[in-house]
Amino acid sequence: MSTAIPFRFALCAAGLAIAWGSGCGGQLALEESEWSSHGGSDEREGLGYHEERQCLWDGGAADGSRDVDVNLRWSDNEEDPGFDGVMVTPVTTHIDADGIPDIVFTAFRGLDYGGAGALVAVSGATGDTLWSRRSLGGFRPHGASGVAIAIHEGETTLVVAGARGLIAADRSGHFRWFAPAEVPENGTVYPSVGDLETDGEPEFLLGSTVFGYDGRLRWRGEAGHGGRHFGSLFADVSSAPGLEVVAGNTLYGSDGAVLWTAGGNDGWPAIVETSDGPLIVVVRQSGSMVAIDPESGNLLWEQDFSSPGGGPPAAADFNGDGETEIAVASGDKLRMFDSRGTLLWERPIHDPSSAATGCSAFDFDGDGRYEVVQGDEVELRVFDGSTGETRIDWSEHGSLTLYEYPAILDLNGDGHAELLLATTGINDGAASRGIAVLGNSNGCWAAAHRSWNQHAYSPRACASSSVPGTRAQCAP
Ligand SMILES: [Ca+2]
Ligand SMILES: [Ca+2]
Ligand SMILES: [Ca+2]
Ligand SMILES: [Ca+2]
């Protein structure tokens, strides 16, 4: 593989949509062509297909798409022994030069996820620790902060939250800058990256505070910040110029002006593309979801989960009807709603601790209906998006659970997706700590993008506004 290809997708992920929007669309077209032979045939022989029924969910006995292989595990931090607990969605970028994206995340010691931790980079090819940093320029990364990555003019910048602000490092793990900001004491916050005024230079977002690529303060919004864990994101959801900052109950313009606020409805936002235009849904950890019109800020509907919790939602066309649905996990249920707020189905999950894990969307079998992926305290499941039926149940999973969700990308570049997830369990031994990359050795899982650069990342949203989007626009 040429090294130019992953770089190009990394640019896309970092948000340079003006130049690379078509590149993202091209990748989605590749996904379709990869699956044009689905259910078909011999064309798949070269990809390891032995019989056509092997890759169908409902293909009877030979149902190879359900098989889960552990491609890679990281559970031992050789650089900073003991700092091997992971409870965030890992992100990826090229750290070494082998052409395989590498994995970056925060790690904590013991159960101290709310204390100081380490920023860790692991080889996506071997699982070896490339570097681990408990201090960057004297600033200590939080043990369960999200990581966001920007690539600008060939240079990679990773940001992570510390006790009193945002800490930036280069791809070798060397300190770059520190930007003071208000950070909740336990530091479980999720910085985002985007290009606010689409001028080609990325910005970083922490709650309601925007920083330039060099870490200089751009503005600090005075209203919402995406819930107490700063789930805010950049997206182009209104007619205001440039991108907006979607911060739960508040929409900020690119200059920091409050475009609207929607009362007390702060929480995890996601963008839902509908045939009537985009809407913003916000999941509150108290156990409800609201939908807000991004132009007016008017409340469109509200749904009470009747059970505690609610984590980062995922939006996609889960049932193949051309409209976008919303999946959201709480403490005891995974629920699927349509864009009018009607409950379509719900399934039991087990997450009494955080009750707020995320979930993610991917069309594993390429049939135009996205599946839902969710990891609770003891299992990782892939649910049929239409019915909620369990398609994959990986019982080796374990997590203390926070707000993490599995990232889905083609890490090894073989044309098929892998799942990248934190696996730090409660009752299991040390072997369950760390991260895992899961794949399907039958080659049954569809093609996917090759990067995942922030908690707010959405691969689907980068093709066009007509494609169902979720947490953030790929642009910027
Ligand atoms: Ca910019
Ligand atoms: Ca649908
Ligand atoms: Ca599907
Ligand atoms: Ca792959």
# chains A, B, ... in the order shown; residues from 1 in each chain; ligands from 1
$ closest_atom_pairs --of "chain A" --to "ligand 4" --cutoff "6 Å" --atoms "only C-alpha atoms and all ligand atoms" --output "tab-separated table"
residue	atom	partner	partner_atom_place_in_ligand_line	distance
A:Asp410	CA	ligand 4	1 (Ca)	4.0
A:Leu411	CA	ligand 4	1 (Ca)	5.3
A:Asn412	CA	ligand 4	1 (Ca)	4.6
A:Gly413	CA	ligand 4	1 (Ca)	5.0
A:Asp414	CA	ligand 4	1 (Ca)	4.5
A:Gly415	CA	ligand 4	1 (Ca)	5.4
A:His416	CA	ligand 4	1 (Ca)	4.1
A:Ala417	CA	ligand 4	1 (Ca)	4.6
A:Glu418	CA	ligand 4	1 (Ca)	5.4
$ select_by_dssp --residues "segment 182-422 of chain A" --states "strand (DSSP E)" --output "ChimeraX atom specification"
/A:192-194,203-206,209-211,217-220,233-235,244-247,250-252,258-261,268-274,277-284,288-292,299-304,314-316,325-329,333-338,343-348,360-362,371-375,380-383,390-394,407-409,418-422
$ closest_residue --among "A:Leu344, A:Ala447, A:Val246, A:Ala436" --to "Arg73 of chain A" --atoms "only C-alpha atoms"
A:Ala436
$ residues_near_ligand --ligand "ligand 2" --cutoff "8 Å" --atoms "only C-alpha atoms and all ligand atoms" --output "count of residues only"
12
$ residues_around --residues "Ser132 of chain A" --least-positions-apart "6" --cutoff "6 Å" --atoms "only C-alpha atoms" --output "PyMOL selection string"
chain A and resi 79+119-120
$ residues_near_ligand --ligand "ligand 1" --cutoff "7 Å" --atoms "only C-alpha atoms and all ligand atoms" --output "NGL selection string"
:A and (195-203)
$ residues_near_ligand --ligand "ligand 3" --cutoff "8 Å" --atoms "only C-alpha atoms and all ligand atoms" --output "PDB file with C-alpha atoms, in the first residue's frame"
ATOM      1  CA  PHE A 318     -30.233   1.157  10.975  1.00  0.00           C
ATOM      2  CA  PHE A 362     -21.399   0.005  11.131  1.00  0.00           C
ATOM      3  CA  ASP A 363     -22.865  -1.948   8.217  1.00  0.00           C
ATOM      4  CA  PHE A 364     -20.874  -5.146   8.691  1.00  0.00           C
ATOM      5  CA  ASP A 365     -22.594  -7.140   5.943  1.00  0.00           C
ATOM      6  CA  GLY A 366     -23.056  -4.229   3.539  1.00  0.00           C
ATOM      7  CA  ASP A 367     -26.803  -4.668   3.108  1.00  0.00           C
ATOM      8  CA  GLY A 368     -27.611  -0.982   3.628  1.00  0.00           C
ATOM      9  CA  ARG A 369     -28.809  -1.520   7.187  1.00  0.00           C
ATOM     10  CA  TYR A 370     -26.329  -0.471   9.860  1.00  0.00           C
ATOM     11  CA  GLU A 371     -25.746  -2.692  12.862  1.00  0.00           C
ATOM     12  CA  ASP A 384     -29.304  -6.094  14.112  1.00  0.00           C
ATOM     13  CA  GLY A 385     -30.340  -2.480  13.537  1.00  0.00           C
TER      14      GLY A 385
END
$ closest_atom_pairs --of "segment 351-407 of chain A" --to "segment 222-237 of chain A" --cutoff "12 Å" --atoms "only C-alpha atoms" --output "tab-separated table"
residue	atom	partner	partner_atom	distance
A:Ala356	CA	A:His229	CA	11.1
A:Gly358	CA	A:Gly231	CA	11.2
A:Leu402	CA	A:His229	CA	10.4
A:Tyr403	CA	A:His229	CA	9.0
A:Glu404	CA	A:Gly231	CA	11.6
$ write_last_selection --atoms "N, CA and C atoms" --output "PDB file, in the first residue's frame"
ATOM      1  N   ALA A 356     -23.735   4.712  31.057  1.00  0.00           N
ATOM      2  CA  ALA A 356     -23.600   5.778  30.063  1.00  0.00           C
ATOM      3  C   ALA A 356     -22.562   5.463  28.990  1.00  0.00           C
ATOM      4  N   GLY A 358     -21.149   4.589  25.287  1.00  0.00           N
ATOM      5  CA  GLY A 358     -21.575   4.925  23.936  1.00  0.00           C
ATOM      6  C   GLY A 358     -21.914   3.681  23.157  1.00  0.00           C
ATOM      7  N   LEU A 402     -17.336   3.601  31.084  1.00  0.00           N
ATOM      8  CA  LEU A 402     -17.423   5.033  31.308  1.00  0.00           C
ATOM      9  C   LEU A 402     -18.283   5.560  30.169  1.00  0.00           C
ATOM     10  N   TYR A 403     -17.694   6.207  29.184  1.00  0.00           N
ATOM     11  CA  TYR A 403     -18.468   6.738  28.050  1.00  0.00           C
ATOM     12  C   TYR A 403     -17.918   6.185  26.743  1.00  0.00           C
ATOM     13  N   GLU A 404     -17.129   5.098  26.848  1.00  0.00           N
ATOM     14  CA  GLU A 404     -16.440   4.588  25.672  1.00  0.00           C
ATOM     15  C   GLU A 404     -17.392   3.827  24.755  1.00  0.00           C
TER      16      GLU A 404
END
$ atom_distance --atom1 "atom CA of Cys359 of chain A" --atom2 "atom CA of Arg347 of chain A"
13.2 Å
$ residues_around --residues "Leu300 of chain A" --least-positions-apart "6" --cutoff "7 Å" --atoms "only C-alpha atoms" --output "VMD selection string"
chain A and resid 291 to 293
$ write_last_selection --atoms "C-alpha atoms" --output "short mmCIF file (atom, residue, chain, number, x, y, z; two decimals), in the first residue's frame"
data_model
loop_
_atom_site.label_atom_id
_atom_site.label_comp_id
_atom_site.auth_asym_id
_atom_site.auth_seq_id
_atom_site.Cartn_x
_atom_site.Cartn_y
_atom_site.Cartn_z
CA ALA A 291 -34.31 16.56 19.83
CA ILE A 292 -33.63 20.20 18.96
CA ASP A 293 -34.06 22.09 15.69
#
$ atom_distance --atom1 "atom CA of Gly242 of chain A" --atom2 "atom CA of Gly194 of chain A"
10.8 Å
$ residues_around --residues "Gly425 of chain A" --least-positions-apart "4" --cutoff "12 Å" --atoms "only C-alpha atoms" --output "ChimeraX atom specification"
/A:75,84-87,110-111,351,353,375-380,395-402,421,429-435
$ atom_distance --atom1 "atom CA of Leu56 of chain A" --atom2 "atom CA of Met336 of chain A"
23.0 Å
$ closest_residue --among "A:Thr390, A:Asn186, A:Asn298, A:Ser451" --to "Leu334 of chain A" --atoms "only C-alpha atoms"
A:Thr390
$ residues_around --residues "Asp102 of chain A" --least-positions-apart "2" --cutoff "6 Å" --atoms "only C-alpha atoms" --output "list in words"
Thr92, Thr93, His94, Ile95, Val122, Ser123 and Gly124 of chain A
